[in-house]
>>> print(open('upload-v8.cif').read())   # mmCIF, C-alpha atoms and all ligand atoms
data_data
loop_
_atom_site.label_atom_id
_atom_site.label_comp_id
_atom_site.auth_asym_id
_atom_site.auth_seq_id
_atom_site.Cartn_x
_atom_site.Cartn_y
_atom_site.Cartn_z
CA MET C 23 132.72 132.22 85.31
CA PRO C 24 135.25 131.27 88.01
CA LEU C 25 137.31 128.20 87.30
CA ALA C 26 137.51 125.66 90.09
CA ASN C 27 141.18 125.11 90.72
CA THR C 28 140.96 123.11 93.91
CA PRO C 29 138.78 120.11 93.19
CA THR C 30 138.15 119.27 96.84
CA SER C 31 136.41 122.59 97.51
CA VAL C 32 133.80 122.41 94.77
CA PRO C 33 130.24 121.49 95.66
CA VAL C 34 130.09 118.51 93.30
CA GLU C 35 132.53 115.71 93.93
CA VAL C 36 133.03 112.69 91.71
CA ASP C 37 134.33 109.42 93.10
CA GLU C 38 136.88 108.53 90.44
CA GLY C 39 136.91 104.92 91.52
CA LYS C 40 133.24 104.63 90.61
CA CYS C 41 132.98 106.99 87.61
CA ILE C 42 132.85 105.19 84.26
CA ALA C 43 133.25 108.27 82.04
CA ASP C 44 136.37 106.61 80.60
CA LYS C 45 134.01 103.91 79.29
CA GLY C 46 131.89 106.49 77.51
CA CYS C 47 129.43 107.67 80.16
CA THR C 48 128.49 111.37 79.97
CA VAL C 49 125.23 111.28 81.92
CA CYS C 50 126.07 113.93 84.54
CA VAL C 51 127.58 116.28 81.94
CA ASP C 52 124.45 115.93 79.81
CA VAL C 53 121.89 116.49 82.56
CA CYS C 54 123.49 119.52 84.22
CA PRO C 55 121.42 122.59 83.28
CA LEU C 56 124.34 124.92 84.00
CA ASP C 57 126.79 122.88 81.92
CA VAL C 58 129.43 123.00 84.61
CA LEU C 59 130.59 119.39 84.55
CA ARG C 60 133.15 117.98 82.15
CA ILE C 61 135.05 114.79 81.49
CA SER C 62 138.72 115.33 82.21
CA ASP C 63 141.09 114.62 79.31
CA LEU C 64 143.67 113.76 81.89
CA THR C 65 141.87 111.27 84.08
CA GLY C 66 138.97 110.29 81.82
CA LYS C 67 136.64 110.94 84.78
CA ALA C 68 133.92 113.52 85.34
CA TYR C 69 134.71 116.63 87.39
CA MET C 70 133.24 120.02 88.17
CA LYS C 71 134.91 122.49 85.82
CA TYR C 72 133.00 125.64 86.75
CA ASP C 73 132.19 126.29 90.37
CA GLU C 74 128.60 127.32 89.75
CA CYS C 75 125.83 125.11 90.96
CA TRP C 76 122.08 125.23 91.46
CA TYR C 77 122.10 122.19 93.69
CA CYS C 78 119.34 120.82 91.51
CA MET C 79 120.70 117.26 91.90
CA PRO C 80 120.07 115.37 88.64
CA CYS C 81 123.82 114.75 88.23
CA GLU C 82 123.80 112.85 91.51
CA ALA C 83 120.45 111.16 90.95
CA ASP C 84 121.10 109.99 87.38
CA CYS C 85 124.70 108.81 87.72
CA PRO C 86 124.51 105.07 87.03
CA THR C 87 127.31 104.23 89.45
CA ASP C 88 126.47 106.59 92.33
CA ALA C 89 129.77 108.37 91.78
CA VAL C 90 128.47 111.93 92.17
CA THR C 91 127.97 113.69 95.50
CA VAL C 92 126.49 117.16 95.57
CA ASN C 93 127.45 118.87 98.82
CA ILE C 94 124.58 121.19 99.54
CA PRO C 95 125.62 124.14 101.71
CA TYR C 96 124.12 123.93 105.17
CA LEU C 97 122.02 127.07 104.73
CA LEU C 98 120.30 125.73 101.62
CA ARG C 99 119.35 122.36 103.10
CA MET N 28 142.30 104.80 77.08
CA VAL N 29 139.65 107.50 76.99
CA PHE N 30 136.63 106.98 74.79
CA GLU N 31 135.08 109.79 72.85
CA PRO N 32 131.58 110.46 74.14
CA PHE N 33 129.06 108.66 72.01
CA GLU N 34 127.63 111.08 69.46
CA GLU N 35 125.80 109.02 66.83
CA GLU N 36 123.02 107.72 69.01
CA SER N 37 121.25 106.10 66.13
CA ASP N 38 124.19 103.90 65.27
CA PHE N 39 122.73 100.66 66.56
CA GLU N 40 125.38 98.52 64.98
CA GLU N 41 128.17 100.06 66.99
CA LEU N 42 126.06 99.94 70.13
CA ALA N 43 125.32 96.28 69.54
CA GLU N 44 129.05 95.66 69.33
CA ARG N 45 129.63 97.51 72.56
CA LEU N 46 127.03 95.29 74.20
CA ASP N 47 129.41 92.41 73.54
CA ASP N 48 132.47 94.20 74.92
CA PRO N 49 134.34 92.22 77.59
CA ASP N 50 134.27 95.27 79.90
CA PRO N 51 130.93 95.45 81.80
CA ALA N 52 131.24 99.25 82.20
CA ILE N 53 131.32 99.64 78.40
CA ARG N 54 128.28 97.38 78.10
CA ARG N 55 126.52 99.43 80.74
CA VAL N 56 127.20 102.70 78.91
CA ALA N 57 125.97 101.06 75.70
CA VAL N 58 122.66 100.36 77.44
CA LEU N 59 122.50 103.99 78.58
CA ASN N 60 123.15 105.19 75.03
CA LEU N 61 120.52 102.84 73.65
CA ALA N 62 117.97 104.22 76.11
CA ASP N 63 118.93 107.76 75.07
CA THR N 64 117.93 107.04 71.48
CA ALA N 65 114.30 106.66 72.67
CA ASP N 66 113.91 104.60 69.50
CA PRO N 67 111.70 101.52 69.98
CA GLU N 68 114.19 99.62 67.85
CA ALA N 69 116.58 99.82 70.80
CA ILE N 70 114.30 97.57 72.87
CA THR N 71 115.56 94.36 71.27
CA LEU N 72 119.17 95.25 72.07
CA ILE N 73 118.44 96.39 75.62
CA ALA N 74 116.41 93.21 76.16
CA ARG N 75 119.53 91.27 75.28
CA ALA N 76 121.36 92.95 78.14
CA ILE N 77 118.76 91.55 80.56
CA SER N 78 120.66 88.26 80.41
CA ASP N 79 124.11 89.88 80.70
CA SER N 80 126.57 88.19 83.07
CA SER N 81 127.08 91.42 85.07
CA PRO N 82 124.33 92.44 87.53
CA GLU N 83 125.19 96.15 86.93
CA VAL N 84 124.48 95.78 83.22
CA ARG N 85 121.25 93.88 83.91
CA LEU N 86 120.24 96.59 86.38
CA GLN N 87 120.89 99.30 83.80
CA ALA N 88 118.85 97.38 81.24
CA ALA N 89 115.94 96.94 83.67
CA ILE N 90 115.96 100.69 84.38
CA ALA N 91 116.32 101.54 80.69
CA LEU N 92 113.34 99.43 79.62
CA GLY N 93 111.13 101.58 81.86
CA GLU N 94 111.57 104.33 79.25
CA PHE N 95 109.87 102.17 76.62
CA ASP N 96 106.49 100.52 76.26
CA GLY N 97 104.97 97.48 74.60
CA LEU N 98 105.05 93.71 74.74
CA GLU N 99 108.74 93.23 73.95
CA ALA N 100 109.89 95.55 76.74
CA ALA N 101 107.40 93.96 79.16
CA ALA N 102 108.54 90.43 78.30
CA ALA N 103 112.17 91.35 78.98
CA LEU N 104 111.18 93.06 82.22
CA CYS N 105 109.26 89.96 83.30
CA GLU N 106 112.45 88.01 82.79
CA ALA N 107 114.39 90.59 84.82
CA LEU N 108 111.74 90.37 87.53
CA GLN N 109 112.88 86.78 88.12
CA ASP N 110 116.55 87.82 88.36
CA GLY N 111 118.45 86.38 91.33
CA ASP N 112 119.86 89.84 92.07
CA SER N 113 117.31 91.71 94.19
CA GLY N 114 118.38 95.11 92.81
CA VAL N 115 117.67 93.98 89.27
CA SER N 116 114.28 92.49 90.12
CA ARG N 117 113.27 95.60 92.08
CA ALA N 118 114.24 97.85 89.15
CA ALA N 119 112.28 95.58 86.82
CA ALA N 120 109.19 95.90 89.01
CA ASP N 121 109.51 99.70 88.99
CA SER N 122 109.88 99.70 85.21
CA LEU N 123 106.93 97.34 84.74
CA ALA N 124 104.81 99.85 86.64
CA GLU N 125 105.61 102.38 83.89
CA ILE N 126 104.29 100.17 81.08
CA LYS N 127 101.00 101.52 79.73
CA ASP N 128 100.19 99.34 76.72
CA PRO N 129 97.47 96.83 77.76
CA HIS N 130 98.81 94.30 75.20
CA ALA N 131 102.02 94.18 77.22
CA GLY N 132 100.16 92.52 80.09
CA GLU N 133 100.33 89.00 78.69
CA PRO N 134 103.69 87.97 80.24
CA MET N 135 102.72 89.63 83.53
CA LEU N 136 99.51 87.58 83.77
CA ALA N 137 101.59 84.43 83.58
CA LEU N 138 103.66 85.49 86.60
CA THR N 139 100.91 86.25 89.13
CA SER N 140 101.18 82.68 90.47
CA HIS N 141 104.99 82.48 90.33
CA GLN N 142 106.59 80.74 93.31
CA ASP N 143 108.59 83.83 94.31
CA PRO N 144 106.39 86.42 96.09
CA LYS N 145 108.57 89.29 94.80
CA VAL N 146 107.79 88.18 91.25
CA ARG N 147 104.06 87.89 91.98
CA GLU N 148 104.12 91.35 93.56
CA GLY N 149 105.98 92.93 90.63
CA ALA N 150 103.73 91.29 88.03
CA LEU N 151 100.59 92.56 89.80
CA LEU N 152 102.10 96.03 90.17
CA GLY N 153 102.67 96.10 86.42
CA LEU N 154 99.18 94.81 85.64
CA LYS N 155 97.43 97.42 87.77
CA GLN N 156 97.80 100.35 85.37
CA LEU N 157 96.88 98.25 82.35
CA ARG N 158 93.29 97.76 83.51
CA ARG N 159 92.87 94.51 81.62
CA PRO N 160 89.50 92.91 82.39
CA ASP N 161 91.12 89.48 82.07
CA ALA N 162 93.37 90.33 85.02
CA LEU N 163 90.38 90.25 87.34
CA ALA N 164 90.57 86.51 88.02
CA ASN N 165 94.33 86.68 88.68
CA GLY N 166 93.81 89.65 90.99
CA ILE N 167 91.01 87.98 92.94
CA LYS N 168 93.07 84.82 93.35
CA ALA N 169 96.10 86.82 94.51
CA MET N 170 93.95 88.58 97.12
CA ASN N 171 94.24 85.31 99.08
CA ASP N 172 98.03 85.23 98.78
CA PRO N 173 99.84 84.42 102.05
CA VAL N 174 102.17 87.41 101.55
CA PRO N 175 100.62 90.80 102.49
CA ALA N 176 102.70 92.77 99.94
CA VAL N 177 101.25 90.59 97.18
CA ARG N 178 97.70 91.05 98.48
CA ILE N 179 98.20 94.84 98.50
CA GLN N 180 99.09 94.81 94.79
CA ALA N 181 96.28 92.35 94.07
CA VAL N 182 93.70 94.72 95.58
CA GLY N 183 95.19 97.42 93.37
CA VAL N 184 94.68 95.31 90.24
CA VAL N 185 91.09 94.47 91.19
CA GLY N 186 90.26 98.01 92.34
CA TYR N 187 91.64 99.72 89.21
CA LEU N 188 89.17 97.74 87.10
CA LYS N 189 86.26 99.59 88.73
CA ALA N 190 84.03 96.63 87.95
CA GLU N 191 80.89 95.62 89.82
CA GLU N 192 81.94 91.94 89.44
CA ALA N 193 84.96 92.79 91.59
CA LEU N 194 82.81 94.09 94.43
CA PRO N 195 82.54 90.90 96.53
CA ALA N 196 86.34 90.47 96.41
CA LEU N 197 86.94 94.11 97.36
CA ILE N 198 84.45 93.88 100.23
CA ALA N 199 86.28 90.77 101.45
CA GLY N 200 89.52 92.77 101.17
CA CYS N 201 88.05 95.32 103.60
CA ARG N 202 88.24 92.54 106.24
CA ASP N 203 91.84 91.47 105.47
CA ASP N 204 94.23 90.99 108.43
CA GLU N 205 96.65 93.50 106.96
CA PRO N 206 95.65 97.16 107.48
CA GLU N 207 97.26 98.27 104.21
CA VAL N 208 95.18 95.72 102.29
CA ARG N 209 92.03 96.95 104.03
CA ARG N 210 92.97 100.56 103.31
CA THR N 211 93.51 99.86 99.61
CA ALA N 212 90.28 97.85 99.38
CA VAL N 213 88.24 100.57 101.11
CA GLY N 214 89.74 103.18 98.78
CA ALA N 215 88.85 101.06 95.77
CA LEU N 216 85.15 101.02 96.74
CA ALA N 217 84.78 104.65 95.65
CA PHE N 218 83.49 103.64 92.21
CA SER N 219 80.48 101.70 93.47
CA LYS N 220 77.27 103.23 94.70
CA SER N 221 75.80 99.88 95.71
CA ALA N 222 74.33 99.31 99.18
CA HIS N 223 76.90 96.56 99.83
CA ALA N 224 79.76 98.96 99.13
CA VAL N 225 78.28 101.62 101.41
CA GLU N 226 77.79 98.99 104.13
CA ALA N 227 81.45 97.97 103.87
CA LEU N 228 82.48 101.64 104.07
CA VAL N 229 80.37 102.15 107.16
CA ASN N 230 81.99 99.10 108.79
CA ALA N 231 85.39 100.55 107.89
CA THR N 232 84.61 103.72 109.87
CA ALA N 233 84.95 101.50 112.98
CA ASP N 234 88.22 99.87 111.87
CA ASP N 235 91.00 99.50 114.47
CA ASN N 236 93.47 101.19 112.16
CA TRP N 237 93.17 104.96 111.73
CA THR N 238 94.38 104.97 108.13
CA VAL N 239 91.45 102.70 107.23
CA ARG N 240 89.00 104.99 109.03
CA GLU N 241 90.59 107.97 107.27
CA ILE N 242 90.04 106.54 103.79
CA ALA N 243 86.52 105.40 104.73
CA ALA N 244 85.70 108.97 105.77
CA GLU N 245 86.99 110.24 102.46
CA VAL N 246 85.23 107.68 100.27
CA LEU N 247 81.90 108.10 102.07
CA GLY N 248 81.99 111.74 100.89
CA LYS N 249 81.94 110.48 97.32
CA GLN N 250 78.78 108.44 97.86
CA ASP N 251 76.11 110.89 96.87
CA SER N 252 73.45 110.13 99.46
CA GLY N 253 73.61 111.91 102.78
CA THR N 254 72.03 108.92 104.53
CA ARG N 255 75.39 107.96 106.01
CA ALA N 256 75.90 111.35 107.60
CA SER N 257 75.52 109.93 111.11
CA GLU N 258 78.60 107.69 110.68
CA LEU N 259 80.57 110.62 109.30
CA MET N 260 79.48 112.78 112.21
CA GLY N 261 80.58 109.98 114.55
CA LEU N 262 84.04 110.19 113.00
CA LEU N 263 84.31 113.79 114.21
CA GLU N 264 84.97 112.25 117.65
CA ASP N 265 87.89 110.21 116.27
CA PRO N 266 91.13 110.56 118.28
CA PHE N 267 93.07 111.08 115.03
CA TRP N 268 92.79 114.55 113.52
CA GLN N 269 93.61 113.09 110.09
CA VAL N 270 90.36 111.11 110.24
CA ARG N 271 88.40 114.16 111.42
CA VAL N 272 89.76 116.26 108.53
CA LYS N 273 88.40 113.76 105.98
CA ALA N 274 85.06 113.46 107.80
CA VAL N 275 84.70 117.24 107.84
CA ARG N 276 85.47 117.44 104.13
CA SER N 277 82.97 114.72 103.28
CA LEU N 278 80.23 116.31 105.38
CA GLY N 279 80.88 119.57 103.52
CA LYS N 280 80.74 117.88 100.13
CA LEU N 281 77.51 116.13 101.05
CA ARG N 282 76.13 119.46 102.37
CA VAL N 283 74.87 117.97 105.60
CA SER N 284 73.12 120.87 107.36
CA ALA N 285 72.53 118.74 110.44
CA ALA N 286 76.29 118.56 110.93
CA VAL N 287 76.93 122.31 111.31
CA ASP N 288 77.23 122.30 115.12
CA LYS N 289 79.42 119.19 115.08
CA ILE N 290 81.71 120.59 112.38
CA ALA N 291 81.98 123.82 114.31
CA THR N 292 83.59 121.93 117.22
CA GLN N 293 86.59 121.42 114.93
CA LEU N 294 87.06 125.18 114.61
CA ASP N 295 88.52 125.22 118.14
CA GLU N 296 91.19 122.64 117.29
CA THR N 297 94.87 123.54 117.50
CA VAL N 298 95.61 121.74 114.19
CA SER N 299 95.08 124.58 111.73
CA ASN N 300 94.41 122.18 108.87
CA LEU N 301 91.28 121.08 110.73
CA ARG N 302 90.10 124.66 111.25
CA LYS N 303 90.75 125.39 107.57
CA GLU N 304 88.76 122.37 106.33
CA ALA N 305 85.97 122.93 108.84
CA ALA N 306 85.57 126.52 107.62
CA ALA N 307 85.48 125.32 104.01
CA ALA N 308 82.89 122.67 104.85
CA LEU N 309 80.69 125.21 106.58
CA GLY N 310 80.94 127.37 103.46
CA GLU N 311 79.90 124.44 101.27
CA ILE N 312 76.92 123.69 103.48
CA ALA N 313 76.15 127.45 103.48
CA ASP N 314 73.75 127.25 106.40
CA PRO N 315 73.27 130.58 108.26
CA ALA N 316 73.52 128.62 111.53
CA ALA N 317 77.29 128.55 110.92
CA LEU N 318 77.64 132.36 110.92
CA PRO N 319 78.38 132.90 114.63
CA TYR N 320 80.99 130.13 114.59
CA LEU N 321 82.75 131.51 111.54
CA GLU N 322 82.72 135.10 112.73
CA LYS N 323 84.77 134.07 115.77
CA LEU N 324 87.53 132.97 113.41
CA VAL N 325 87.93 135.99 111.15
CA ASP N 326 91.21 136.88 112.91
CA ASP N 327 92.63 133.36 113.03
CA PRO N 328 96.46 133.36 113.19
CA ASP N 329 96.66 131.08 110.12
CA PRO N 330 96.16 132.95 106.82
CA ASP N 331 94.74 129.83 105.11
CA VAL N 332 92.08 129.54 107.80
CA ARG N 333 91.23 133.23 107.45
CA LYS N 334 90.92 132.82 103.70
CA ASN N 335 88.48 129.93 104.02
CA VAL N 336 86.49 131.72 106.73
CA ARG N 337 86.14 134.76 104.46
CA TRP N 338 85.07 132.51 101.57
CA ALA N 339 82.59 130.62 103.77
CA LEU N 340 81.03 133.84 105.06
CA GLY N 341 80.62 134.93 101.44
CA GLN N 342 78.87 131.64 100.56
CA ILE N 343 76.37 132.11 103.36
CA GLY N 344 75.84 135.64 102.16
S1 LIG X 401 127.25 110.16 85.46
FE1 LIG X 401 128.57 109.21 86.99
S2 LIG X 401 129.65 107.60 85.89
FE2 LIG X 401 128.76 108.97 84.36
S3 LIG X 401 130.34 110.45 83.89
FE3 LIG X 401 129.13 111.34 85.51
S4 LIG X 401 130.13 110.73 87.40
FE4 LIG X 401 130.95 109.44 85.80
S1 LIG X 402 123.52 119.96 91.13
FE1 LIG X 402 122.63 120.70 89.21
S2 LIG X 402 123.81 122.55 88.70
FE2 LIG X 402 125.00 121.42 90.23
S3 LIG X 402 126.37 120.19 89.01
FE3 LIG X 402 124.60 118.89 89.46
S4 LIG X 402 123.23 119.16 87.72
FE4 LIG X 402 124.78 120.82 87.63
#
>>> encode(input="upload-v8.cif", output="structure tokens")
Amino acid sequence: MPLANTPTSVPVEVDEGKCIADKGCTVCVDVCPLDVLRISDLTGKAYMKYDECWYCMPCEADCPTDAVTVNIPYLLR
Amino acid sequence: MVFEPFEEESDFEELAERLDDPDPAIRRVAVLNLADTADPEAITLIARAISDSSPEVRLQAAIALGEFDGLEAAAALCEALQDGDSGVSRAAADSLAEIKDPHAGEPMLALTSHQDPKVREGALLGLKQLRRPDALANGIKAMNDPVPAVRIQAVGVVGYLKAEEALPALIAGCRDDEPEVRRTAVGALAFSKSAHAVEALVNATADDNWTVREIAAEVLGKQDSGTRASELMGLLEDPFWQVRVKAVRSLGKLRVSAAVDKIATQLDETVSNLRKEAAAALGEIADPAALPYLEKLVDDPDPDVRKNVRWALGQIG
């Protein structure tokens, strides 16, 4: 599975100012069926670790602070 | 500092402590973790968060209580419904609508005459699904509420009871100033086969608002006598195709042979949904008089229409 090295290019972006993973939230990590999201040891915030995505959206919908944005490619919209 | 993700979801003691943490984000996550336990014992703790100082925590608690049922959750949600923060009260109303236990209706009944219309609306929304016969009086009273959104929910409460005693109120609702109230009231008449209900439905076929005529056309199809076929046939002249679709369906369900020629006029319509439903209705009526009309449509460009035409031809034999 390819590792996402450049965080800005991955389809799922997390607004670190809003994310409360450092307070114990793991909602997006738990709902993702592909298990591609993680909480960073470095920042304590959620991020997309593996650049694989079904664009199924629960990470965005269930995030309690609206921190997750799934950028759906134009052709899939 | 980075917290370890919460693993022991059944550890209520630690979660209770987190609910008292000075950091609202920690309290919010504690509410999320409590909801994840799906253990009814969590309700008492989540209910505590309904009076948290932070609106985000109260919001999370109002959302979380929607995952539970019963009187305790409903009582806390009724409190949240009166929250000064509109996001919290809206979430509480949504969660109340998920409550299924009729015993949980008690605190909602008390709020149907609250001074704040949003509270009255939310309480009625919650009561609707519970189908408590003792909610009838509250519902009927609220049908005269000055706020249309409250009247809409009130009609829902009264209509869901499917009770003949509610009929006069529902018939009055069919004459409400607000189209959405009329639409809901007309839809709610489906349960009654009484002459008064049918009369109100017939009046609704001449309503100014097309969505009211549409639901009237649909509900008339559920009244088992074909004696109202002439009103349904009249609706086939309606300027709105949505109304005509429902009239066609109802005429098919009621197997009104006299309507074959009128239904067939809908087979020339550009809206393929109309052609599809008209073909189905002609199949249901199964009158050989429909054969020439249907045969003209065997090569319709829409596969769904073709399918129904083939089925209808088979019904007629
Ligand atoms: S759900 Fe939202 S707040 Fe929670 S970890 Fe994911 S991004 Fe952060
Ligand atoms: S959209 Fe679906 S697959 Fe993609 S990260 Fe979110 S939950 Fe995972």
>>> interface_residues(input="upload-v8.cif", of="chain C", to="chain N", cutoff="6 Å", atoms="all atoms listed in the file", output="JSON, numbers by chain")
{"C": [44, 45, 46, 47, 66]}
>>> axis_aligned_box(input="upload-v8.cif", around="ligand LIG 401 (chain X)", padding_each_side="8 Å", output="lines of an AutoDock Vina configuration file")
center_x = 129.1
center_y = 109.5
center_z = 85.6
size_x = 19.7
size_y = 19.7
size_z = 19.5
>>> closest_residue(input="upload-v8.cif", among="C:Val53, C:Leu64, C:Cys85, C:Cys41", to="ligand LIG 402 (chain X)", atoms="only C-alpha atoms and all ligand atoms")
C:Val53
>>> atom_distance(input="upload-v8.cif", atom1="atom CA of C:Thr87", atom2="atom CA of N:Gly97")
27.7 Å
>>> residues_near_ligand(input="upload-v8.cif", ligand="ligand LIG 402 (chain X)", cutoff="6 Å", atoms="all atoms listed in the file", output="short mmCIF file (atom, residue, chain, number, x, y, z; two decimals) with C-alpha atoms, in the coordinates of the input")
data_model
loop_
_atom_site.label_atom_id
_atom_site.label_comp_id
_atom_site.auth_asym_id
_atom_site.auth_seq_id
_atom_site.Cartn_x
_atom_site.Cartn_y
_atom_site.Cartn_z
CA VAL C 34 130.09 118.51 93.30
CA VAL C 53 121.89 116.49 82.56
CA CYS C 54 123.49 119.52 84.22
CA PRO C 55 121.42 122.59 83.28
CA LEU C 56 124.34 124.92 84.00
CA VAL C 58 129.43 123.00 84.61
CA CYS C 75 125.83 125.11 90.96
CA TRP C 76 122.08 125.23 91.46
CA TYR C 77 122.10 122.19 93.69
CA CYS C 78 119.34 120.82 91.51
CA MET C 79 120.70 117.26 91.90
CA PRO C 80 120.07 115.37 88.64
CA CYS C 81 123.82 114.75 88.23
#
>>> residues_near_point(input="upload-v8.cif", point="(132.6, 117.1, 85.9)", cutoff="8 Å", atoms="only C-alpha atoms", output="compact mmCIF listing (two decimals) with C-alpha atoms, in the coordinates of the input")
# COMPACT_ATOMS: atom_id res chain seq x y z
CA VAL C 34 130.09 118.51 93.30
CA VAL C 36 133.03 112.69 91.71
CA CYS C 50 126.07 113.93 84.54
CA VAL C 51 127.58 116.28 81.94
CA VAL C 58 129.43 123.00 84.61
CA LEU C 59 130.59 119.39 84.55
CA ARG C 60 133.15 117.98 82.15
CA ILE C 61 135.05 114.79 81.49
CA SER C 62 138.72 115.33 82.21
CA LYS C 67 136.64 110.94 84.78
CA ALA C 68 133.92 113.52 85.34
CA TYR C 69 134.71 116.63 87.39
CA MET C 70 133.24 120.02 88.17
CA LYS C 71 134.91 122.49 85.82
>>> atom_distance(input="upload-v8.cif", atom1="atom CA of N:Lys127", atom2="atom CA of N:Ile198")
27.4 Å
>>> closest_residue(input="upload-v8.cif", among="C:Asp63, C:Asp57, C:Asp88, C:Asp73", to="ligand LIG 401 (chain X)", atoms="only C-alpha atoms and all ligand atoms")
C:Asp88
>>> residues_around(input="upload-v8.cif", residues="stretch 286-291 of chain N", least_positions_apart="4", cutoff="7 Å", atoms="all atoms listed in the file", output="mmCIF file with C-alpha atoms, in the frame of the given file")
data_model
loop_
_atom_site.group_PDB
_atom_site.id
_atom_site.type_symbol
_atom_site.label_atom_id
_atom_site.label_comp_id
_atom_site.auth_asym_id
_atom_site.auth_seq_id
_atom_site.Cartn_x
_atom_site.Cartn_y
_atom_site.Cartn_z
ATOM 1 C CA MET N 260 79.480 112.780 112.210
ATOM 2 C CA VAL N 275 84.700 117.240 107.840
ATOM 3 C CA ALA N 305 85.970 122.930 108.840
ATOM 4 C CA LEU N 309 80.690 125.210 106.580
ATOM 5 C CA ALA N 317 77.290 128.550 110.920
ATOM 6 C CA TYR N 320 80.990 130.130 114.590
#
>>> atom_distance(input="upload-v8.cif", atom1="atom CA of N:Leu194", atom2="atom CA of N:Ala224")
7.4 Å
>>> residues_around(input="upload-v8.cif", residues="N:Glu191", least_positions_apart="3", cutoff="9 Å", atoms="only C-alpha atoms", output="mmCIF file with C-alpha atoms, in the coordinates of the input")
data_model
loop_
_atom_site.group_PDB
_atom_site.id
_atom_site.type_symbol
_atom_site.label_atom_id
_atom_site.label_comp_id
_atom_site.auth_asym_id
_atom_site.auth_seq_id
_atom_site.Cartn_x
_atom_site.Cartn_y
_atom_site.Cartn_z
ATOM 1 C CA LEU N 188 89.170 97.740 87.100
ATOM 2 C CA LEU N 194 82.810 94.090 94.430
ATOM 3 C CA PRO N 195 82.540 90.900 96.530
ATOM 4 C CA PHE N 218 83.490 103.640 92.210
ATOM 5 C CA SER N 219 80.480 101.700 93.470
ATOM 6 C CA SER N 221 75.800 99.880 95.710
#
>>> residues_around(input="upload-v8.cif", residues="N:Leu324", least_positions_apart="6", cutoff="12 Å", atoms="all atoms listed in the file", output="VMD selection string")
chain N and resid 291 293 to 296 299 302 to 303 305 to 306 317 to 318 330 to 337 339 to 340
>>> closest_residue(input="upload-v8.cif", among="C:Val32, C:Ile42, C:Ala83, C:Val92", to="ligand LIG 401 (chain X)", atoms="only C-alpha atoms and all ligand atoms")
C:Ile42
>>> closest_residue(input="upload-v8.cif", among="N:Lys249, N:Thr232, N:Gly279, N:Val239", to="N:Leu262", atoms="only C-alpha atoms")
N:Thr232
>>> closest_residue(input="upload-v8.cif", among="N:Arg117, N:Arg85, N:Lys273, N:Arg75", to="N:Asp47", atoms="only C-alpha atoms")
N:Arg75
>>> closest_residue(input="upload-v8.cif", among="C:Asp52, C:Gly39, C:Tyr72, C:Val90", to="ligand LIG 401 (chain X)", atoms="all atoms listed in the file")
C:Val90
>>> build_atoms(input="upload-v8.cif", residues="stretch 183-194 of chain N", atoms="N, CA and C atoms", output="tab-separated table (two decimals), keeping the file's coordinate frame")
chain	number	residue	atom	x	y	z
N	183	GLY	N	95.01	96.34	94.34
N	183	GLY	CA	95.19	97.42	93.37
N	183	GLY	C	94.70	97.00	91.99
N	184	VAL	N	95.09	95.82	91.56
N	184	VAL	CA	94.68	95.31	90.24
N	184	VAL	C	93.16	95.24	90.16
N	185	VAL	N	92.54	94.65	91.18
N	185	VAL	CA	91.09	94.47	91.19
N	185	VAL	C	90.38	95.83	91.27
N	186	GLY	N	90.89	96.70	92.14
N	186	GLY	CA	90.26	98.01	92.34
N	186	GLY	C	90.33	98.89	91.10
N	187	TYR	N	91.48	98.86	90.40
N	187	TYR	CA	91.64	99.72	89.21
N	187	TYR	C	90.65	99.37	88.13
N	188	LEU	N	90.11	98.15	88.15
N	188	LEU	CA	89.17	97.74	87.10
N	188	LEU	C	87.81	98.42	87.27
N	189	LYS	N	87.54	98.91	88.47
N	189	LYS	CA	86.26	99.59	88.73
N	189	LYS	C	85.09	98.78	88.18
N	190	ALA	N	85.06	97.51	88.50
N	190	ALA	CA	84.03	96.63	87.95
N	190	ALA	C	83.14	96.11	89.06
N	191	GLU	N	81.82	96.12	88.81
N	191	GLU	CA	80.89	95.62	89.82
N	191	GLU	C	81.17	94.15	90.15
N	192	GLU	N	81.65	93.37	89.15
N	192	GLU	CA	81.94	91.94	89.44
N	192	GLU	C	83.03	91.81	90.50
N	193	ALA	N	83.85	92.87	90.64
N	193	ALA	CA	84.96	92.79	91.59
N	193	ALA	C	84.52	93.11	93.02
N	194	LEU	N	83.26	93.58	93.14
N	194	LEU	CA	82.81	94.09	94.43
N	194	LEU	C	82.92	93.09	95.59
